[in-house]
Every structure is written in structure tokens, then in C-alpha cells.
Amino acid sequence: MPDQEIQLRETPGCLEIRINRPDRKNALTLAMYRTMIDALERASASDDIRVVLFTGEGEAFCAGNDLKDFLAVADTGATEAINFIRAVATFDKPLVAAVHGACIGVGTTMLFHFDLVYAADDAQFVMPFVNLGLVPEGGSSLAAPAIFGRAKAAELLMLGEPLSAEDGEASGFVTRVMPVAEVQDYARSRVDDLLQRPPQALAKTRNLLADNREAMLAQIEVEAEVFAGALKGAEVQQAIAAFFARRK
């Protein structure tokens, strides 16, 4: 339905999950997380779905958590966000993303668990957890150093510096960069290409690529515990109050 904040579109072999809250730059609420978790669980159990494609509506792919909603539900909101990351990290079929504009917080960290990430040339990846008094989540404290090297990962995670689409491609985080008008159609064409491959060979190859899955899942749990503790601290309240007041 066009008015739903998470749109689900099924085509032969593929489920497309479109984040559809453009007036808030696709910031995620508790309800949106639940819808996406349910969609991934159904896709995993369905023999008709072999690939899942994530996209976003409007000028951004995903601006991370909706902070007002996140704070209103406190621990529950953090739990649902982590449950979504768990669902993505343990998903057993190819995951493809077509991203553009702002990819903030979970809008970046979810992508560490995707197989193919196609980015518009205006995409910017930002993980501003420390700036909000929080810590990295989604396994990013393990994945970022592995992809970018420790020094660059420290800049991304400790300073919250943005990563451009071009730098993401050069590092191997992004599969390919292209003009924003082309990215979603191109990603769909690559989904079609995946669907033409022998499914068992594709699945086995994907499993071989995920050779650090146990370590990643363990890191997600460690991060979740530290994140929950940070969420109760005074720094979070001060940082988020400053964010809404548009001051440092």
C-alpha cells in the first residue's frame, strides 16, 4: 500500500522492502522494525522468495532511528533495533540494497550484512553513535575495521565522519556507484541476474563468503549489552537534547 511506512512488493523470486517515510528521511520507528523483521522471517520460510532487495523512498535511504520514537520506548526500541540487525545478520538468502542520500546509523550498519550494495553517487554513510552518547551496533565495531582498516574505522565510529559512496566502493563496502536515477533499476536487474543462477550453488557460495558469521553474531550481542548500558547514561540525554536544539 502506498501509504505504508514499510512497503512490501513481491515479484517472482524477490521480495522488495521499501522504507517509505520520506518526510522523516526514512527514520525507523518501532513499528517499522517489527514489519521488516516479520517480512524477513516470512521470506526466509518461503520457497517462492530467493532474494530480498531493500530500497528507500524520497531523498534518503534511511536516517537511522527516529529519535523521539526511540526514546519514548527506551529499552523496547533498542531491543527491536537489535532484533532487526539479528534478522538481517542471520538471513539465509541473498540480500541486495539500492541506497542513496543519507545512510545514517542502522542505515549503514545493516549494510555490513548485505551481499550486494549498489549506491547512488550522492550516498553518504554515517555512524554517529558516539556523537549521541551511544556505541556502535549491528556488528559494526567488528565489520568496519575488517573492511576499512582500524584507523579509518576509528574515524568513522569515534568521530562519526561521513563516508562517500566513492570511498565506500574503493574500500569494498559498496559494490558499485552510479547516478541516483539509475540505482534502483540497476539493483533490480542484478536481482534478476541472481535469480538466473543455480540456487544451491548460489546459497553454498554465500555461506562460504560468510566465514566469520559466528564471530559477527557474538559481537552483535556484546555491542547490544554495551549499547543498553549507554542508553541509560546521562550522556545520551545530553547529546540528544543538543541534537534537537541544533547545538553541539
# chains A, B, ... in the order shown; residues from 1 in each chain; ligands from 1

$ select_by_dssp --residues "region 41-81 of chain A" --states "strand (DSSP E)" --output "list in words"
Ile49, Arg50, Val51, Val52, Leu53, Phe54, Thr55 and Gly56 of chain A

$ write_last_selection --atoms "C-alpha atoms" --output "CSV table (one decimal), in the first residue's frame"
chain,number,residue,atom,x,y,z
A,49,ILE,CA,11.4,-15.9,-2.3
A,50,ARG,CA,15.0,-16.3,-3.2
A,51,VAL,CA,16.3,-12.8,-2.9
A,52,VAL,CA,15.4,-9.7,-0.8
A,53,LEU,CA,16.0,-6.2,-2.0
A,54,PHE,CA,16.0,-3.1,0.3
A,55,THR,CA,15.3,0.3,-1.1
A,56,GLY,CA,14.2,3.7,0.2

$ residues_around --residues "Ala123 (chain A)" --least-positions-apart "5" --cutoff "10 Å" --atoms "only C-alpha atoms" --output "list in words"
Glu59, Ala60, Phe61, Val99, His100, Gly101, Ala102, Cys103, Tyr118, Pro162, Leu163, Ser164, Ala165, Glu166, Gly168, Val177, Met178, Pro179 and Val180 of chain A

$ closest_residue --among "A:Met158, A:Ala245, A:Met36, A:Ala201" --to "Arg86 (chain A)" --atoms "only C-alpha atoms"
A:Met36

$ select_by_dssp --residues "region 3-248 of chain A" --states "helix (DSSP H, G or I)" --output "VMD selection string"
chain A and resid 22 to 24 30 to 45 67 to 73 75 to 89 106 to 113 130 to 132 140 to 148 150 to 158 165 to 171 183 to 195 199 to 209 213 to 231 234 to 244

$ write_last_selection --atoms "C-alpha atoms" --output "short mmCIF file (atom, residue, chain, number, x, y, z; two decimals), in the first residue's frame"
data_model
loop_
_atom_site.label_atom_id
_atom_site.label_comp_id
_atom_site.auth_asym_id
_atom_site.auth_seq_id
_atom_site.Cartn_x
_atom_site.Cartn_y
_atom_site.Cartn_z
CA PRO A 22 10.28 10.30 3.12
CA ASP A 23 9.06 13.22 5.24
CA ARG A 24 11.36 11.95 8.03
CA LEU A 30 9.46 0.54 16.47
CA ALA A 31 6.53 -0.47 14.24
CA MET A 32 8.69 -0.24 11.11
CA TYR A 33 11.30 -2.52 12.65
CA ARG A 34 8.64 -5.08 13.50
CA THR A 35 7.24 -5.02 9.98
CA MET A 36 10.69 -5.60 8.46
CA ILE A 37 11.52 -8.40 10.91
CA ASP A 38 8.25 -10.14 10.08
CA ALA A 39 8.89 -9.69 6.35
CA LEU A 40 12.36 -11.24 6.61
CA GLU A 41 11.01 -14.18 8.63
CA ARG A 42 8.31 -14.83 6.01
CA ALA A 43 10.81 -14.50 3.17
CA SER A 44 13.17 -16.96 4.84
CA ALA A 45 10.38 -19.51 5.21
CA LEU A 67 14.99 9.51 17.99
CA LYS A 68 11.70 10.66 19.51
CA ASP A 69 10.12 7.27 18.99
CA PHE A 70 13.31 5.53 20.10
CA LEU A 71 13.48 7.46 23.38
CA ALA A 72 9.76 7.11 24.04
CA VAL A 73 10.03 3.33 24.06
CA ASP A 75 14.66 -0.33 26.14
CA THR A 76 11.97 -1.75 23.86
CA GLY A 77 13.14 0.40 20.98
CA ALA A 78 16.73 -0.71 21.42
CA THR A 79 15.63 -4.33 21.56
CA GLU A 80 13.65 -4.10 18.32
CA ALA A 81 16.54 -2.38 16.55
CA ILE A 82 18.92 -5.14 17.64
CA ASN A 83 16.34 -7.81 16.72
CA PHE A 84 16.23 -6.33 13.22
CA ILE A 85 20.01 -6.49 12.92
CA ARG A 86 19.91 -10.10 14.14
CA ALA A 87 17.29 -10.89 11.49
CA VAL A 88 19.45 -9.35 8.77
CA ALA A 89 22.69 -10.96 10.00
CA VAL A 106 21.43 1.49 11.21
CA GLY A 107 21.02 2.79 7.66
CA THR A 108 24.72 2.00 7.33
CA THR A 109 25.29 -0.83 9.82
CA MET A 110 22.63 -3.08 8.30
CA LEU A 111 24.59 -2.96 5.03
CA PHE A 112 27.57 -4.75 6.57
CA HIS A 113 25.40 -7.89 6.34
CA VAL A 130 29.44 8.42 19.87
CA ASN A 131 28.01 11.84 18.97
CA LEU A 132 24.73 10.68 20.54
CA SER A 140 29.95 -2.51 13.04
CA SER A 141 32.82 -2.48 15.57
CA LEU A 142 33.97 -5.77 14.03
CA ALA A 143 32.98 -5.22 10.40
CA ALA A 144 34.29 -1.66 9.99
CA PRO A 145 37.94 -2.41 10.92
CA ALA A 146 37.85 -5.54 8.75
CA ILE A 147 36.72 -3.54 5.71
CA PHE A 148 38.31 -0.12 6.19
CA ARG A 150 41.38 0.16 12.13
CA ALA A 151 42.48 3.77 11.62
CA LYS A 152 39.73 4.59 9.13
CA ALA A 153 37.18 2.66 11.21
CA ALA A 154 38.13 4.78 14.22
CA GLU A 155 37.44 7.94 12.22
CA LEU A 156 34.05 6.60 11.12
CA LEU A 157 32.98 5.23 14.51
CA MET A 158 34.68 7.54 17.02
CA ALA A 165 29.84 6.42 -2.00
CA GLU A 166 33.09 6.54 -3.97
CA ASP A 167 35.21 5.82 -0.89
CA GLY A 168 32.78 3.06 0.04
CA GLU A 169 33.30 1.47 -3.36
CA ALA A 170 37.09 1.82 -3.16
CA SER A 171 37.10 0.05 0.22
CA VAL A 183 20.47 2.85 -8.81
CA GLN A 184 17.15 1.16 -8.04
CA ASP A 185 16.57 -0.17 -11.55
CA TYR A 186 20.15 -1.39 -11.71
CA ALA A 187 19.79 -3.21 -8.39
CA ARG A 188 16.62 -4.86 -9.66
CA SER A 189 18.49 -6.00 -12.77
CA ARG A 190 21.14 -7.61 -10.58
CA VAL A 191 18.42 -9.33 -8.57
CA ASP A 192 17.18 -10.78 -11.87
CA ASP A 193 20.72 -11.97 -12.58
CA LEU A 194 20.89 -13.69 -9.18
CA LEU A 195 17.60 -15.43 -9.90
CA PRO A 199 20.07 -21.68 -6.42
CA GLN A 200 22.00 -24.35 -4.50
CA ALA A 201 25.37 -23.20 -5.84
CA LEU A 202 24.43 -19.61 -5.04
CA ALA A 203 23.41 -20.48 -1.48
CA LYS A 204 26.58 -22.51 -0.86
CA THR A 205 28.75 -19.69 -2.22
CA ARG A 206 27.01 -17.18 0.03
CA ASN A 207 27.64 -19.41 3.06
CA LEU A 208 31.31 -19.74 2.16
CA LEU A 209 31.61 -15.94 1.99
CA ARG A 213 29.33 -15.31 10.99
CA GLU A 214 29.76 -16.76 14.49
CA ALA A 215 32.19 -14.03 15.47
CA MET A 216 29.88 -11.40 13.99
CA LEU A 217 26.85 -12.66 15.88
CA ALA A 218 28.85 -12.75 19.10
CA GLN A 219 29.99 -9.15 18.52
CA ILE A 220 26.40 -8.04 17.90
CA GLU A 221 25.49 -9.41 21.34
CA VAL A 222 28.46 -7.71 23.03
CA GLU A 223 27.58 -4.41 21.38
CA ALA A 224 23.92 -4.77 22.36
CA GLU A 225 24.85 -5.14 26.03
CA VAL A 226 27.14 -2.11 25.99
CA PHE A 227 24.58 -0.14 23.95
CA ALA A 228 21.84 -0.87 26.52
CA GLY A 229 24.08 0.41 29.30
CA ALA A 230 24.99 3.55 27.38
CA LEU A 231 21.32 4.21 26.65
CA ALA A 234 23.35 10.86 31.16
CA GLU A 235 25.46 11.41 28.04
CA VAL A 236 22.66 10.13 25.81
CA GLN A 237 20.09 12.54 27.23
CA GLN A 238 22.51 15.47 26.91
CA ALA A 239 23.58 14.56 23.38
CA ILE A 240 20.07 14.03 22.08
CA ALA A 241 18.82 17.22 23.74
CA ALA A 242 21.63 19.05 21.96
CA PHE A 243 20.69 17.33 18.70
CA PHE A 244 17.10 18.56 18.87
#

$ atom_distance --atom1 "CA of Thr29 (chain A)" --atom2 "CA of Pro128 (chain A)"
17.9 Å
